[in-house]
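Quick notes on the structure that follows.
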There are 2 protein chains.
Amino acid sequence: MTISNSLIDSKLRSAEEIASLLPRNVTIGASGFTPAGYPKLIPSAFANRIEEEKKQGHSFSINLYAGASTGEELDGVLAKTGALKLRIPYQSNSHLRNLINAGEVDFIDMHLSHVVKYIEHGILPAIDVAIVEAIDVSSDGKIYLTTSSGMSATYLGAAKEIYVELTDVHPIELKGYHDIYLPDHHGKGSPIPIINVSDRIGNPYVQVPIDKIKGIVRTSIPDASVDFKLPDSDCLGIAEHTLAFLQSEIKKGRIPANYLPFQNGVGNIANAVLASMAKDPNFHEIEMYTEVLQDSVFDLIDSGKLKIASTSALTFSKKGVERFHKNINEWKSKFIIRPQEISNHPEVIRRMGLIAMNTALEVDIYGNVNSTHVMGTSMMNGIGGSGDFTRNSHLSIFMTPSLAKNGDISAIVPFVSHVDHNEHSTMVIVTEQGLADLRGCPPKKRAELIIEKCAHPTYRDKLRAYFEEAKNVSKGKHTPHNLDKALGFHIQFLKTGSMK
Amino acid sequence: MTISNSLIDSKLRSAEEIASLLPRNVTIGASGFTPAGYPKLIPSAFANRIEEEKKQGHSFSINLYAGASTGEELDGVLAKTGALKLRIPYQSNSHLRNLINAGEVDFIDMHLSHVVKYIEHGILPAIDVAIVEAIDVSSDGKIYLTTSSGMSATYLGAAKEIYVELTDVHPIELKGYHDIYLPDHHGKGSPIPIINVSDRIGNPYVQVPIDKIKGIVRTSIPDASVDFKLPDSDCLGIAEHTLAFLQSEIKKGRIPANYLPFQNGVGNIANAVLASMAKDPNFHEIEMYTEVLQDSVFDLIDSGKLKIASTSALTFSKKGVERFHKNINEWKSKFIIRPQEISNHPEVIRRMGLIAMNTALEVDIYGNVNSTHVMGTSMMNGIGGSGDFTRNSHLSIFMTPSLAKNGDISAIVPFVSHVDHNEHSTMVIVTEQGLADLRGCPPKKRAELIIEKCAHPTYRDKLRAYFEEAKNVSKGKHTPHNLDKALGFHIQFLKTGSMK
């Protein structure tokens with residue numbers, strides 16, 4: 001079915017025409033979140049225009065803001081032009097990442113729940129144009145977003161000009177999945193009225209003044225399909241330790257028998273946990289309050305265990321999208337898509353008492369977690385929502401295989417090379433080796449638990465040796481360190497290619 | 001006036017008698033917060049008993065939980081017995097600190113807003129007895145606390161036995177200052193109904209079952225008096241930069257003309273900021289939503305500028321207490337004393353959009369802040385509420401003089417030796433040299449601002465040299481570091497006594 005009305009008809013343009021209207025120095029607010037629901041045609045046409053006009057000696061400068069990461073057709077094509085100067089607040093595209101780590105693109109790695117305020121208060125360069133993917137635009141300016149909410153409502157509000165990629169990739173019944181609500185800032189706030197995961201508190205669309213819509217292009221390009229690998233034995237090991245721990249917490253009365261809502265990060269480990277829950281007869285009627293749903297949620301649906309899931313994006317594989325389309329009416333009561341300020345809001349996270357499960361790059365012996373910086377200097381993807389969830393959830397669990405790079409990197413190190421989540425906020429560390437419950441443990445006890453339960457046997461002796469020497473030479477014995485050798489694992493890796 | 005009723009009369013004991021009833025292995029939940037409203041007679045009598053019975057070969061083991069720090073008559077006397085094994089969640093007593101840093105007392109350094117949950121969920125050893133200072137106990141078990149709320153309501157609820165130090169140090173009109181309210185946990189929560197600083201949502205007392213009250217002792221010992229120094233030129237310099245910045249934020253529309261509520265940390269810098277606000281004609285009608293009020297609040301009152309202040313403790317000097325007593329009826333509309341879970345609650349902090357001002361021990365060139373660990377290993381006082389406020393406030397400002405130890409320590413370093421607040425969460429750094437607004441800045445820009453605006457000229461060249469070398473040798477150019485030298489300032493200080 002082709003969506004049509006007087007407004008759409010009057011605004012229809014080609015992607016090339018729209019691309020020709022964009023300023024050479026431009027700040028773009030785009031839809032899209034890890035990577036779902038981002039614009040594709042206009043950015044690609046804009047990239048083509050840039051390449052052409054660069055030959056004529058014109059220069060371009062682009063600031064690109066999105067919800068979180070987006071796909072090749074947005075981050076990739078614009079990064080490749082060399083015109084991208086600034087990107088916020090999260091990314092995962094390899095071309096873009098390489099430029100960031102070469103120092104050629106500025107990247108601001110932000111807590112996702114903070115982005116709205118930074119935009120509204122003009123902390124960052126002001127948005128010129130918003131480019132969003134939509135499933136429908138009503139004649140009075142109601143924009144119905146597609147598979148992500150992210151920052152779209154804010155960018156549409158802030159932009160001087162709006163361009164829409166009107167997609168027919170999804171059935172029109174996608175309308176109704178979104179719940180668009182943005183809280184007041186500036187101390188005028190009232191409570192966010194979400195008590196239960198299922199509470200809908202806003203509108204299923206973003207209302208914009210129709211005269212701000214300067215162009216609409218029709219598109220049939222799907223989101224870049226996301227790999228969905230079967231979990232490996234490390235991931236399954238992590239899941240097993242985690243599920244056993246959750247059951248023991250229920251027995252101790254710290255989690256109610258019907259659980260608390262789960263948040264889980266993106267990637268194979270998080271997926272393995274959900275897949276294992278789907279199989280485990282101890283788990284049933286699960287609620288999720290998270291920022292991204294991946295195909296692993298289907299395991300929960302198939303096993304009849306998903307009660308409801310709130311998210312800011314539906315990031316499914318090609319097969320997953322097909323399944324979603326087939327069940328799009330039925331699942332409207334299963335999924336709610338929220339703006340990232342609400343999916344990641346400290347108030348709601350703390351009130352619901354989430355169980356947060358996120359991936360660490362490395363963890364030190366005292367429980368400080370690095371989620372973002374490889375060897376302390378190169379950006380992986382960004383902190384994303386992990387800070388929002390870690391600081392405010394009931395339980396904060398960090399997961400990582402104990403080894404990386406074929407064993408040349410230990411994920412457990414004496415001193416992390418960058419801190420995204422500190423020892424005051426992290427509660428549980430899990431590797432395939434085991435689980436360390438750090439709650440209520442003073443620093444030296446934490447070190448013992450992490451080394452003995454989580455480190456790979458290959459590195460355990462080396463970590464023990466560091467810790468023993470630290471206890472001897474450290475000036476303070478509260479959190480003993482030997483600063484001469486604290487970053488020794490990393491320094492050795494940089495010099496020799498191995499921490500061994 | 002001596003408070004009396006049938007319950008009090010029936011429970012009156014001497015401190016020695018109560019001390020004799022305490023188990024040798026005991027977990028105590030005490031009133032008290034930075035250091036106000038803590039019990040004094042019973043701990044001192046208990047310490048005497050321990051010294052006596054140790055001579056007879058008996059051993060003691062004490063876990064001590066309080067709101068935050070307490071005074072010599074609690075932390076000090078118990079630390080000196082050598083029987084203290086565990087202390088949470090914050091401390092500032094020199095005897096206790098020395099034992100913690102000698103590795104002889106375990107200390108868990110916690111976000112103050114997390115303590116209630118850890119107690120309720122049995123993460124920490126269970127509380128045997130609660131010992132609280134009160135101004136009154138009604139015959140039906142309503143306990144009226146004194147100058148702090150802290151954790152008292154939770155400890156009174158959790159304890160099997162309750163002992164009360166009934167003080168006549170304060171006028172009975174202290175009744176009514178407290179607003180005791182604790183939110184539900186376990187995902188049963190509803191919004192915390194505080195919209196404005198002035199909202200009272202609970203009771204002015206803690207209700208306990210009268211049969212849990214096992215003893216009451218009368219006391220006339222005041223809180224240890226707190227030093228209140230006149231601000232030095234560094235503190236005034238920091239205040240000046242901060243106030244100018246706040247005015248510019250108002251001009252940019254990021255803070256409303258009538259401000260947002262202020263949180264400010266403990267100490268001379270925070271006091272200098274309030275004193276300067278009191279003098280500055282640009283500031284008027286100030287609200288505070290904070291965890292500790294010190295004498296500096298009187299400057300605001302004297303200048304007619306304090307609208308209302310919410311706190312978890314009134315920590316005044318001896319002179320300050322006299323003034324408070326004189327105005328105790330009039331100021332009941334100025335001050336609200338709340339449990340620390342509410343004074344520090346992420347939901348309320350974020351909703352109100354606080355302006356948080358806390359003290360840093362050291363700051364690195366990328367804006368990571370160390371608030372707790374001297375040279376990465378020795379505990380100063382603890383993170384306290386700085387994490388609660390930093391992560392959730394509208395504006396998060398960290399303040400420190402640029403030098404310490406007569407210039408042998410630079411507060412600005414290449415890489416902090418411990419991270420309590422990371423670059424994702426810190427927004428503004430101020431020293432007497434200047435102010436660095438880090439919001440919206442990618443890492444290398446942050447480094448330039450911090451070095452050029454905040455570092456002391458003595459260390460600026462050395463920091464520039466580190467940063468330039470880091471940009472050359474760093475594998476990743478996003479957050480350049482030379483890991484070989486990242487901790488070099490600290491290592492040099494430990495070896496030579498100076499970072500110069």
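Letters A, B, ... mark the chains of the structure tokens in the order given; residue numbers begin at 1 per chain; ligand numbers begin at 1, in order shown.
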
Select from chain A every residue with an atom at most 7 Å from any atom of chain B, then for each give the shortest pair of atoms and their distance in Å to one decimal, using only C-alpha atoms, rows by chain and rising number, as a Markdown table.
| residue | atom | partner | partner_atom | distance |
| --- | --- | --- | --- | --- |
| A:Ile100 | CA | B:His478 | CA | 5.9 |
| A:Asn101 | CA | B:His478 | CA | 4.9 |
| A:Ala102 | CA | B:Lys477 | CA | 5.3 |
| A:Gly103 | CA | B:Lys477 | CA | 4.8 |
| A:Asp106 | CA | B:Pro442 | CA | 5.9 |
| A:Phe107 | CA | B:Pro442 | CA | 5.8 |
| A:Ile108 | CA | B:Pro442 | CA | 5.0 |
| A:Asp109 | CA | B:His424 | CA | 6.8 |
| A:Met110 | CA | B:His424 | CA | 5.8 |
| A:His111 | CA | B:His424 | CA | 6.5 |
| A:His121 | CA | B:Arg254 | CA | 5.4 |
| A:Ile123 | CA | B:Gly440 | CA | 5.9 |
| A:Leu124 | CA | B:Gly440 | CA | 5.5 |
| A:His186 | CA | B:Gly353 | CA | 6.0 |
| A:Gly187 | CA | B:Met352 | CA | 4.3 |
| A:Gly189 | CA | B:Arg351 | CA | 5.3 |
| A:Ser190 | CA | B:Ile195 | CA | 6.1 |
| A:Pro191 | CA | B:Pro191 | CA | 6.1 |
| A:Ile195 | CA | B:Ser190 | CA | 6.1 |
| A:Arg254 | CA | B:His121 | CA | 5.5 |
| A:Ile255 | CA | B:His186 | CA | 6.7 |
| A:Pro256 | CA | B:His186 | CA | 7.0 |
| A:Leu260 | CA | B:Gly187 | CA | 6.3 |
| A:Pro346 | CA | B:Glu347 | CA | 6.4 |
| A:Glu347 | CA | B:Glu347 | CA | 4.3 |
| A:Arg351 | CA | B:Gly189 | CA | 5.3 |
| A:Met352 | CA | B:Gly187 | CA | 4.3 |
| A:Gly353 | CA | B:Gly187 | CA | 5.0 |
| A:Thr377 | CA | B:Gly476 | CA | 4.6 |
| A:Ser378 | CA | B:Gly476 | CA | 4.2 |
| A:Met379 | CA | B:His478 | CA | 6.5 |
| A:Val419 | CA | B:Val419 | CA | 6.6 |
| A:Asp420 | CA | B:Asn422 | CA | 6.3 |
| A:Asn422 | CA | B:Asp420 | CA | 6.3 |
| A:His424 | CA | B:Met110 | CA | 5.8 |
| A:Arg439 | CA | B:Ile123 | CA | 6.6 |
| A:Gly440 | CA | B:Leu124 | CA | 5.5 |
| A:Cys441 | CA | B:Ile108 | CA | 6.7 |
| A:Pro442 | CA | B:Ile108 | CA | 5.0 |
| A:Ser474 | CA | B:Thr377 | CA | 6.9 |
| A:Lys475 | CA | B:Thr377 | CA | 6.8 |
| A:Gly476 | CA | B:Ser378 | CA | 4.2 |
| A:Lys477 | CA | B:Gly103 | CA | 4.8 |
| A:His478 | CA | B:Asn101 | CA | 4.9 |
| A:Thr479 | CA | B:Thr377 | CA | 4.7 |
| A:Pro480 | CA | B:Thr377 | CA | 5.3 |
| A:His481 | CA | B:Thr377 | CA | 6.2 |
| A:Leu483 | CA | B:Ile491 | CA | 6.5 |
| A:Asp484 | CA | B:Ile491 | CA | 6.6 |
| A:Leu487 | CA | B:Leu483 | CA | 6.9 |
| A:Ile491 | CA | B:Leu483 | CA | 6.5 |

Please return as a PyMOL selection string: the residues of stretch 222-397 of chain B that backbone DSSP assigns to strand (DSSP E).
-> chain B and resi 262-264+286-289+306-311+335-337+355-359+362-364+369-370+373-374+378-379+395-397

Writing out the chosen residues with C-alpha atoms as a compact mmCIF listing (two decimals), in the first residue's frame:
# COMPACT_ATOMS: atom_id res chain seq x y z
CA PHE B 262 21.94 24.25 44.44
CA GLN B 263 23.71 21.25 45.91
CA ASN B 264 27.08 21.94 47.38
CA ILE B 286 18.28 30.78 46.35
CA GLU B 287 17.00 27.25 46.92
CA MET B 288 19.26 24.45 48.11
CA TYR B 289 18.65 20.72 47.74
CA LEU B 306 17.76 31.86 51.20
CA LYS B 307 14.33 30.78 50.03
CA ILE B 308 14.50 27.23 51.36
CA ALA B 309 17.09 24.51 51.96
CA SER B 310 16.56 20.76 52.00
CA THR B 311 19.34 18.70 53.57
CA PHE B 335 15.06 24.03 56.48
CA ILE B 336 13.84 20.49 55.79
CA ILE B 337 15.88 17.50 57.03
CA ILE B 355 23.34 22.65 40.10
CA ALA B 356 25.85 20.34 41.82
CA MET B 357 29.12 21.71 43.17
CA ASN B 358 31.57 19.23 44.63
CA THR B 359 35.23 19.11 45.49
CA GLU B 362 42.48 15.57 41.36
CA VAL B 363 41.25 15.91 37.80
CA ASP B 364 42.87 14.54 34.69
CA VAL B 369 37.71 13.19 38.61
CA ASN B 370 39.20 11.48 41.66
CA HIS B 373 41.85 8.12 46.79
CA VAL B 374 45.08 9.98 47.58
CA SER B 378 44.65 5.87 50.44
CA MET B 379 41.07 6.76 51.27
CA LEU B 395 24.97 20.96 35.93
CA SER B 396 27.85 19.18 37.59
CA ILE B 397 30.74 21.39 38.68

Write out as a PyMOL selection string which residues come within 8 Å of stretch 54-60 of chain B when counting only C-alpha atoms, dropping same-chain ones fewer than 6 positions away.
-> chain B and resi 24-25+83

Long-range neighbours of A:Asp128 as a list in words, 12 Å cut-off, only C-alpha atoms, 5 positions minimum in chain =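 Counting only the stated atoms, we get Leu21, Leu22, Pro23, Arg24, Asn25, Val26, Thr27, Ile28, Gly29, Ala30, Ile62, Asn63, Leu64, Tyr65, Ile119, Tyr155, Leu156, Gly157, Ala158, Ala159, Lys160, Glu161, Ile162, Tyr163 and Lys212 of chain A.
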
Selection near B:Thr315, 12 Å with only C-alpha atoms, sequence-local residues under 5 positions removed, as a count of residues only = 36

What separation in Å, quoted to one decimal, exists between atom CA of B:Thr496 and atom CA of B:Asp408?
-> 9.7 Å

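When the distance limit is 10 Å and only C-alpha atoms are what count, the residues near A:Ser139, minus those fewer than 3 positions from it on the same chain, are Ser4, Asn5, Ser6, Leu7, Ile8, Asp9, Asp136, Lys142, Ile143 and Ile210 of chain A.
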
Skip B:Phe489 itself and residues of its chain fewer than 5 positions away, then list as a VMD selection string all residues within 9 Å of it, counting only C-alpha atoms.
-> chain B and resid 409 to 410 413 to 415 494 498 to 500

I need the residues from that last selection saved to file as a PDB file, in the first residue's frame (with N, CA and C atoms), if you can.
ATOM      1  N   ILE B 409      52.064  19.039  44.696  1.00  0.00           N
ATOM      2  CA  ILE B 409      51.057  18.242  43.990  1.00  0.00           C
ATOM      3  C   ILE B 409      50.278  19.157  43.059  1.00  0.00           C
ATOM      4  N   SER B 410      50.129  18.712  41.819  1.00  0.00           N
ATOM      5  CA  SER B 410      49.232  19.390  40.886  1.00  0.00           C
ATOM      6  C   SER B 410      47.898  18.662  40.915  1.00  0.00           C
ATOM      7  N   VAL B 413      46.281  16.383  36.530  1.00  0.00           N
ATOM      8  CA  VAL B 413      47.273  15.345  36.212  1.00  0.00           C
ATOM      9  C   VAL B 413      46.936  14.731  34.852  1.00  0.00           C
ATOM     10  N   PRO B 414      47.896  14.019  34.250  1.00  0.00           N
ATOM     11  CA  PRO B 414      47.597  13.397  32.958  1.00  0.00           C
ATOM     12  C   PRO B 414      46.508  12.326  33.048  1.00  0.00           C
ATOM     13  N   PHE B 415      46.505  11.601  34.164  1.00  0.00           N
ATOM     14  CA  PHE B 415      45.644  10.412  34.259  1.00  0.00           C
ATOM     15  C   PHE B 415      45.348  10.260  35.745  1.00  0.00           C
ATOM     16  N   LEU B 494      55.491   9.958  44.618  1.00  0.00           N
ATOM     17  CA  LEU B 494      55.743   8.911  45.617  1.00  0.00           C
ATOM     18  C   LEU B 494      57.239   8.709  45.840  1.00  0.00           C
ATOM     19  N   SER B 498      57.532  15.242  45.267  1.00  0.00           N
ATOM     20  CA  SER B 498      57.032  16.370  44.478  1.00  0.00           C
ATOM     21  C   SER B 498      56.725  15.919  43.050  1.00  0.00           C
ATOM     22  N   MET B 499      55.686  16.499  42.484  1.00  0.00           N
ATOM     23  CA  MET B 499      55.356  16.237  41.083  1.00  0.00           C
ATOM     24  C   MET B 499      56.123  17.168  40.145  1.00  0.00           C
ATOM     25  N   LYS B 500      56.847  18.119  40.734  1.00  0.00           N
ATOM     26  CA  LYS B 500      57.491  19.140  39.891  1.00  0.00           C
ATOM     27  C   LYS B 500      58.518  18.556  38.938  1.00  0.00           C
TER      28      LYS B 500
END

List every residue of stretch 25-77 of chain B that DSSP, applied to the backbone, labels as helix (DSSP H, G or I), and write the result as an MDAnalysis selection string.
-> chainID B and resid 41:55 72:77
